[in-house]
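Chemist: Below are the structure tokens for one structure; questions will follow.
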Amino acid sequence: MCYSIDFARKHYYRQCMTSPELIAIDPATLPWEERFSEKLGRALFRKNLITDPDTGMEIRLVRYPAGVINVRHTHPCGHGMYVLEGTLVTHAGRYCPGTFVWFPEGLEMEHGASSDADVIVPFITNKPFEIHYV
């Protein structure tokens with residue numbers, strides 16, 4: 001039996017306060033949420049998978065359209081990206097599918113997609129997410 005995303009989320013939020021439970025989410029059932037960035041003048045896309053209510057840790061699936069690079073910024077949280085599709089372009093290099101990249105808290109960074117294709121990554125934070133452009 002396969003469970004819907006609505007079932008998984010409702011079950012998680014109902015159970016997280018009383019006992020640990022397995023969470024299973026099928027991202028293919030979620031629509032991409034368009035998030036327009038004033039700073040970039042372009043939209044980025046995401047699918048929010050889970051947020052821990054105690055720590056603020058978040059896991060999202062993020063899609064940067066081809067050629068879109070999030071300009072120099074910092075975060076007050078560490079975050080990681082695992083490249084599923086496309087090429088992740090950062091201030092430190094280019095990373096192909098199968099590569100995990102960790103960005104420490106406070107690091108000044110850039111990241112996004114190469115010009116030839118969108119990049120899709122799980123985006124994992126260790127605490128609540130914020131972005132500060134430099």
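Residue numbers start at 1 in each chain; chains themselves are named A, B, ... in the order of the structure tokens; ligands are numbered from 1 in the order shown.
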Quick one: residues within 12 Å of Leu88 in chain A, only C-alpha atoms counted, chain neighbours fewer than 4 positions away excluded, as a ChimeraX atom specification?
Modeler: /A:62-70,80-84,92-101,110-122
Chemist: As a list in words, list the residues of chain A assigned to alpha helix (DSSP H) by DSSP on the backbone atoms of this structure.
Modeler: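 After running DSSP on the backbone, chain A has alpha helix (DSSP H) at Ile5, Asp6, Phe7, Ala8, Arg9, Lys10, His11, Tyr12, Tyr13, Arg14 and Gln15 of chain A.
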Chemist: Once you have the residues from the selection above, write them out as a PDB file, in the first residue's frame, restricted to C-alpha atoms.
Modeler:
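Output contents, as saved in again_10.pdb:
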ATOM      1  CA  ILE A   5       1.640  12.962   1.040  1.00  0.00           C
ATOM      2  CA  ASP A   6      -1.347  14.365   2.946  1.00  0.00           C
ATOM      3  CA  PHE A   7      -1.585  11.191   5.011  1.00  0.00           C
ATOM      4  CA  ALA A   8       2.158  11.203   5.733  1.00  0.00           C
ATOM      5  CA  ARG A   9       2.216  14.852   6.799  1.00  0.00           C
ATOM      6  CA  LYS A  10      -0.919  14.603   8.961  1.00  0.00           C
ATOM      7  CA  HIS A  11       0.360  11.405  10.518  1.00  0.00           C
ATOM      8  CA  TYR A  12       3.781  12.974  11.217  1.00  0.00           C
ATOM      9  CA  TYR A  13       2.451  16.134  12.831  1.00  0.00           C
ATOM     10  CA  ARG A  14      -0.050  14.156  14.895  1.00  0.00           C
ATOM     11  CA  GLN A  15       2.563  11.661  16.088  1.00  0.00           C
TER      12      GLN A  15
END
Chemist: Determine the nearest neighbour of Pro76 in chain A from the options A:Glu130, A:Glu58, A:Glu33, A:Glu21, counting only C-alpha atoms.
Modeler: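 Ranking A:Glu130, A:Glu58, A:Glu33, A:Glu21 by distance to Pro76 in chain A, first place goes to A:Glu130.
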Chemist: In Å, how far is it from CA of Gly106 in chain A to CA of Gly78 in chain A?
Modeler: 7.6 Å
Chemist: Just to confirm, what's the straight-line distance from CA of Trp102 in chain A to CA of His79 in chain A in Å (one decimal)?
Modeler: 5.9 Å
Chemist: Write out as a ChimeraX atom specification the set of residues from range 11-110 of chain A that DSSP, computed on the backbone, places in strand (DSSP E or B).
Modeler: /A:33-37,42-51,58-64,69-74,79-82,85,88-90,93-95,100-103,109-110
Chemist: For a test of reading the model, state the distance in Å between CA of Pro31 in chain A and CA of Phe123 in chain A, rounded to one decimal.
Modeler: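 Value for the CA of Pro31 in chain A-CA of Phe123 in chain A distance: 16.4 Å.
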Chemist: Contacts of Pro128 in chain A at 10 Å or less, counting only C-alpha atoms, minus same-chain residues fewer than 2 places along, as a ChimeraX atom specification?
Modeler: /A:51-53,55-58,75-78,125-126,130
Chemist: Write the residues you've just listed into a file as a compact mmCIF listing (two decimals), in the first residue's frame, and include N, CA, C and O atoms for each of them.
Modeler:
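After the write, result_21.txt holds the following:
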# COMPACT_ATOMS: atom_id res chain seq x y z
N THR A 51 9.74 19.70 8.06
CA THR A 51 10.40 20.63 8.99
C THR A 51 10.25 20.06 10.39
O THR A 51 9.14 19.69 10.79
N ASP A 52 11.34 19.97 11.10
CA ASP A 52 11.29 19.48 12.47
C ASP A 52 10.81 20.61 13.36
O ASP A 52 11.44 21.67 13.42
N PRO A 53 9.68 20.44 14.06
CA PRO A 53 9.14 21.52 14.88
C PRO A 53 10.01 21.88 16.08
O PRO A 53 9.91 22.97 16.61
N THR A 55 13.67 21.56 16.19
CA THR A 55 14.98 22.12 15.83
C THR A 55 14.92 23.13 14.68
O THR A 55 15.86 23.89 14.49
N GLY A 56 13.84 23.10 13.89
CA GLY A 56 13.75 23.96 12.72
C GLY A 56 14.44 23.37 11.50
O GLY A 56 14.42 23.97 10.42
N MET A 57 15.07 22.20 11.64
CA MET A 57 15.70 21.53 10.51
C MET A 57 14.69 21.37 9.39
O MET A 57 13.54 21.04 9.65
N GLU A 58 15.11 21.63 8.15
CA GLU A 58 14.21 21.53 7.01
C GLU A 58 14.82 20.65 5.93
O GLU A 58 16.03 20.65 5.74
N HIS A 75 23.95 32.20 5.26
CA HIS A 75 22.84 31.64 6.02
C HIS A 75 23.28 31.47 7.47
O HIS A 75 24.43 31.11 7.73
N PRO A 76 22.38 31.67 8.44
CA PRO A 76 22.70 31.39 9.84
C PRO A 76 22.48 29.92 10.17
O PRO A 76 22.27 29.56 11.33
N CYS A 77 22.50 29.09 9.15
CA CYS A 77 22.35 27.65 9.33
C CYS A 77 23.29 26.97 8.33
O CYS A 77 23.58 27.52 7.27
N GLY A 78 23.78 25.79 8.68
CA GLY A 78 24.49 24.99 7.70
C GLY A 78 23.46 24.35 6.79
O GLY A 78 22.31 24.13 7.19
N THR A 125 18.73 21.66 5.83
CA THR A 125 19.30 22.60 6.80
C THR A 125 19.40 21.94 8.17
O THR A 125 18.67 21.00 8.47
N ASN A 126 20.28 22.48 9.00
CA ASN A 126 20.42 21.94 10.35
C ASN A 126 19.61 22.71 11.38
O ASN A 126 19.54 22.31 12.54
N GLU A 130 17.25 30.93 6.82
CA GLU A 130 17.18 32.36 6.50
C GLU A 130 18.24 32.61 5.45
O GLU A 130 19.24 31.88 5.39
Chemist: Which neighbours of Tyr133 in chain A fall inside 8 Å, counting only C-alpha atoms, when residues of the same chain fewer than 2 positions from it are skipped, and could you give them as a PDB file with all heavy atoms, in the first residue's frame?
Modeler:
ATOM      1  N   VAL A  71      22.969  34.695  -6.057  1.00  0.00           N
ATOM      2  CA  VAL A  71      24.162  35.526  -5.862  1.00  0.00           C
ATOM      3  C   VAL A  71      24.668  35.469  -4.432  1.00  0.00           C
ATOM      4  O   VAL A  71      23.996  34.932  -3.545  1.00  0.00           O
ATOM      5  CB  VAL A  71      23.887  36.981  -6.303  1.00  0.00           C
ATOM      6  CG1 VAL A  71      23.585  37.037  -7.792  1.00  0.00           C
ATOM      7  CG2 VAL A  71      22.743  37.595  -5.505  1.00  0.00           C
ATOM      8  N   ARG A  72      25.845  36.059  -4.194  1.00  0.00           N
ATOM      9  CA  ARG A  72      26.531  35.991  -2.897  1.00  0.00           C
ATOM     10  C   ARG A  72      25.579  36.242  -1.731  1.00  0.00           C
ATOM     11  O   ARG A  72      24.862  37.230  -1.690  1.00  0.00           O
ATOM     12  CB  ARG A  72      27.667  37.009  -2.824  1.00  0.00           C
ATOM     13  CG  ARG A  72      28.833  36.690  -3.721  1.00  0.00           C
ATOM     14  CD  ARG A  72      29.736  35.690  -3.073  1.00  0.00           C
ATOM     15  NE  ARG A  72      30.795  35.310  -4.025  1.00  0.00           N
ATOM     16  CZ  ARG A  72      31.796  34.557  -3.735  1.00  0.00           C
ATOM     17  NH1 ARG A  72      31.929  34.087  -2.507  1.00  0.00           N
ATOM     18  NH2 ARG A  72      32.688  34.235  -4.635  1.00  0.00           N
ATOM     19  N   HIS A  73      25.614  35.275  -0.786  1.00  0.00           N
ATOM     20  CA  HIS A  73      24.758  35.349   0.385  1.00  0.00           C
ATOM     21  C   HIS A  73      25.329  34.475   1.491  1.00  0.00           C
ATOM     22  O   HIS A  73      26.283  33.723   1.267  1.00  0.00           O
ATOM     23  CB  HIS A  73      23.329  34.902   0.040  1.00  0.00           C
ATOM     24  CG  HIS A  73      23.233  33.475  -0.407  1.00  0.00           C
ATOM     25  ND1 HIS A  73      23.520  33.068  -1.685  1.00  0.00           N
ATOM     26  CD2 HIS A  73      22.880  32.350   0.268  1.00  0.00           C
ATOM     27  CE1 HIS A  73      23.338  31.766  -1.788  1.00  0.00           C
ATOM     28  NE2 HIS A  73      22.961  31.299  -0.613  1.00  0.00           N
ATOM     29  N   THR A  74      24.741  34.587   2.667  1.00  0.00           N
ATOM     30  CA  THR A  74      25.087  33.733   3.801  1.00  0.00           C
ATOM     31  C   THR A  74      23.792  33.198   4.407  1.00  0.00           C
ATOM     32  O   THR A  74      22.697  33.688   4.104  1.00  0.00           O
ATOM     33  CB  THR A  74      25.868  34.500   4.892  1.00  0.00           C
ATOM     34  OG1 THR A  74      25.029  35.528   5.413  1.00  0.00           O
ATOM     35  CG2 THR A  74      27.161  35.099   4.347  1.00  0.00           C
ATOM     36  N   ILE A 131      18.067  33.676   4.649  1.00  0.00           N
ATOM     37  CA  ILE A 131      19.078  34.057   3.673  1.00  0.00           C
ATOM     38  C   ILE A 131      19.386  35.540   3.840  1.00  0.00           C
ATOM     39  O   ILE A 131      18.474  36.338   4.080  1.00  0.00           O
ATOM     40  CB  ILE A 131      18.627  33.726   2.237  1.00  0.00           C
ATOM     41  CG1 ILE A 131      19.763  33.944   1.246  1.00  0.00           C
ATOM     42  CG2 ILE A 131      17.372  34.492   1.854  1.00  0.00           C
ATOM     43  CD1 ILE A 131      19.504  33.336  -0.133  1.00  0.00           C
TER      44      ILE A 131
END
